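Chemist: I have a structure I would like to understand better, so I am pasting it below and will then ask my questions one at a time.
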2 protein chains.
Amino acid sequence: MDCPSGRWQAPPVPGYGQYCPIAKASEVLGERWTLLILRDLMTGAHRFNDLYRGLPGISRSLLSERLRRLEHDGLIERRDANGSPAGYWLTPLGADLQPALMAMGEWAARNYGRDPRRDELDPSVLLLWIERNANRDGFPPGRLVVRFDLHGSRPNRAWLVSEDRVPSVCWDDPGFDVDLTIGCDLRTLHKVFAGRVALSAAMRDRSLVVEGSEAQRRAFMHWFGYSPMANATRAALAG
Amino acid sequence: MDCPSGRWQAPPVPGYGQYCPIAKASEVLGERWTLLILRDLMTGAHRFNDLYRGLPGISRSLLSERLRRLEHDGLIERRDANGSPAGYWLTPLGADLQPALMAMGEWAARNYGRDPRRDELDPSVLLLWIERNANRDGFPPGRLVVRFDLHGSRPNRAWLVSEDRVPSVCWDDPGFDVDLTIGCDLRTLHKVFAGRVALSAAMRDRSLVVEGSEAQRRAFMHWFGYSPMANATRAALAG
DNA sequence: CAGTATCCTCGAGGATACTG
DNA sequence: CAGTATCCTCGAGGATACTG
């Protein structure tokens, strides 16, 4: 609970004055952006700029403020420089929130699931999510270079480069030979990510076209990163 | 989704522009008071003034605004006059939130459980919760009158009157003969309500004193209303 | 890279008074 | 009982420029 300045006072977020767990949870989690920050920490973002990139519309000062409050409330801790991996990490208290966060997300996935309009999707955020949720064990050792051709989006090309099973997305040609290309429009990619359409079905009807060696295409189906809520969505659609 | 005025426009609560279930849930549930309103609807409050009484600090206009938004978002519906029980009721969409709300509350109960200071407790809210969570089947038919003597609180006397198994709390002497009195301080009553202390233990060490016939005292242990999160709290304390 | 400091705006929501 | 209308305040947070 120690803070950067050493003695940061929590600005008096107006509590509810109710000694009730729901009220307490609302006080800790209820501010704008807080739940999304926790979501991103749970899916592998830890550096300030990683978090910033995944939250279009937040300002750097507001992100900083929210992180300080979460640290003050004991949900996250900052690991600096010498303490191995730098950045922000969930404490046990913060990690314990995962079931509740999943339950909220599953509620929304069950009930608000519909296909997004193209203008509701942000290509850079979707690719970031695919990177973060990728199954690292499914990548080959060494380097793998995948190019996404997103029909009708701007920008419309992204590269996912996996080095020693650690993927990262970039929007400028990294210059390496491409092992695999994925061609589809952004909505199809989102539908697959969200679990609204099976990857195999999208490949079959060629709304998503994968080009590469047979082995690479098979591996793709194994490492592709789905939304953590995809299973709930599939269940809702099946039920 | 129809609204009082017939064409109420949702003020543009700034969304996150992320097509993600957690973001969607945050948009619908993230505003101040919203989760507490849903909590109260789940525990039996339905009339405007019932909700208002259970949310000290909210203004009538803000409660009205929040209810309109929840109605607009499809989580609650207003049943007026001729459609039997008047007031606000959860729709299936709203009721489907219960597991998520419980998960959040249980997280807080597990992690933030501690004994409240006396100034953190509001007697009228605690008695309201006990009324709402009472086990109606445990009341006798006809009338039961219970007086709570809350040592050191102001006001320090409340009556719970059950008529045909429907309890209601009042703070002025209703004038009926008293069948049962409960004497304790507010913190003890809260500890019992929250599941932090067993009712039987509080009676045994006389921090909570019940006076009445043997039958009434036994019935009391059956109808007394616990917090919906009490079981989670007991589990956390036992584990 | 990872923030902080300062200044300024605008909109959420309180207070008050009112209504069917 | 169940709200609504109006006016006003103040504080959350954006913009901008800065730092170790």
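So you can find residues: chains in the structure tokens are A, B, ... in the order shown, residues in each start at 1, and ligands are numbered from 1 in order.
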Determine which residues of range 167-196 of chain B receive a DSSP assignment of alpha helix (DSSP H), computed from the backbone, and state them as a ChimeraX atom specification.

Modeler: /B:186-194

Chemist: What are the residues of chain A that have an atom within 9 Å of an atom of chain D, counting only C-alpha atoms (C1' of nucleotides), as number ranges by chain?

Modeler: A: 59, 61-62

Chemist: Give me, as JSON lines, the closest atom pair and its distance (Å, one decimal) for every residue of chain B within a cut-off of 7 Å of chain A, counting only C-alpha atoms, rows sorted by chain and rising number.

Modeler:
```
{"residue": "B:Gly17", "atom": "CA", "partner": "A:Glu120", "partner_atom": "CA", "distance": 6.3}
{"residue": "B:Gln18", "atom": "CA", "partner": "A:Leu121", "partner_atom": "CA", "distance": 6.9}
{"residue": "B:Tyr19", "atom": "CA", "partner": "A:Leu121", "partner_atom": "CA", "distance": 6.4}
{"residue": "B:Pro21", "atom": "CA", "partner": "A:Gly105", "partner_atom": "CA", "distance": 4.8}
{"residue": "B:Ile22", "atom": "CA", "partner": "A:Gly105", "partner_atom": "CA", "distance": 4.7}
{"residue": "B:Ala23", "atom": "CA", "partner": "A:Leu36", "partner_atom": "CA", "distance": 6.6}
{"residue": "B:Lys24", "atom": "CA", "partner": "A:Ala108", "partner_atom": "CA", "distance": 6.6}
{"residue": "B:Ala25", "atom": "CA", "partner": "A:Ala108", "partner_atom": "CA", "distance": 5.8}
{"residue": "B:Gly30", "atom": "CA", "partner": "A:Gly30", "partner_atom": "CA", "distance": 5.8}
{"residue": "B:Arg32", "atom": "CA", "partner": "A:Gly30", "partner_atom": "CA", "distance": 6.9}
{"residue": "B:Leu36", "atom": "CA", "partner": "A:Ala23", "partner_atom": "CA", "distance": 6.6}
{"residue": "B:Leu97", "atom": "CA", "partner": "A:Trp107", "partner_atom": "CA", "distance": 6.4}
{"residue": "B:Pro99", "atom": "CA", "partner": "A:Ala103", "partner_atom": "CA", "distance": 6.9}
{"residue": "B:Ala100", "atom": "CA", "partner": "A:Ala103", "partner_atom": "CA", "distance": 4.7}
{"residue": "B:Ala103", "atom": "CA", "partner": "A:Ala100", "partner_atom": "CA", "distance": 4.7}
{"residue": "B:Met104", "atom": "CA", "partner": "A:Ala100", "partner_atom": "CA", "distance": 5.1}
{"residue": "B:Gly105", "atom": "CA", "partner": "A:Ile22", "partner_atom": "CA", "distance": 4.7}
{"residue": "B:Trp107", "atom": "CA", "partner": "A:Leu97", "partner_atom": "CA", "distance": 6.4}
{"residue": "B:Ala108", "atom": "CA", "partner": "A:Pro21", "partner_atom": "CA", "distance": 5.1}
{"residue": "B:Ala109", "atom": "CA", "partner": "A:Pro21", "partner_atom": "CA", "distance": 5.4}
{"residue": "B:Glu120", "atom": "CA", "partner": "A:Gly17", "partner_atom": "CA", "distance": 6.3}
{"residue": "B:Leu121", "atom": "CA", "partner": "A:Tyr19", "partner_atom": "CA", "distance": 6.4}
```

Chemist: Write out as an MDAnalysis selection string the set of residues from range 9-84 of chain B that DSSP, computed on the backbone, places in strand (DSSP E or B).

Modeler: chainID B and resid 76:79

Chemist: In Å, how far is it from CA of Leu180 in chain A to CA of His222 in chain A?

Modeler: 13.8 Å

Chemist: For CA of Gly87 in chain B and CA of Arg136 in chain B, quote the distance in Å rounded to one decimal.

Modeler: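 According to the coordinates, CA of Gly87 in chain B and CA of Arg136 in chain B are separated by 20.8 Å.
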
Chemist: In Å, with one decimal, what is the gap from CA of His151 in chain A to CA of Arg204 in chain A?

Modeler: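 Taking CA of His151 in chain A as the start and CA of Arg204 in chain A as the end point, the length is 17.9 Å.
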
Chemist: I'd like the neighbourhood of Met42 in chain B as a VMD selection string, where a residue qualifies if any of its atoms comes within 9 Å (using only C-alpha atoms (C1' of nucleotides)), though same-chain residues fewer than 5 positions away should be ignored.

Modeler: chain B and resid 37 89 to 90 95 98

Chemist: Store the residues of this selection in a file with C-alpha atoms, as a short mmCIF file (atom, residue, chain, number, x, y, z; two decimals), in the first residue's frame.

Modeler:
```cif
data_model
loop_
_atom_site.label_atom_id
_atom_site.label_comp_id
_atom_site.auth_asym_id
_atom_site.auth_seq_id
_atom_site.Cartn_x
_atom_site.Cartn_y
_atom_site.Cartn_z
CA ILE B 37 -30.19 0.19 -6.77
CA TRP B 89 -39.05 -4.69 -11.08
CA LEU B 90 -36.08 -6.47 -12.56
CA ALA B 95 -32.34 -10.67 -12.76
CA GLN B 98 -27.57 -11.70 -9.73
#
```

Chemist: Using only C-alpha atoms (C1' of nucleotides), which residues sit within 9 Å of Val197 in chain A once same-chain residues fewer than 6 positions away are excluded, as a VMD selection string?

Modeler: chain A and resid 188 191 234
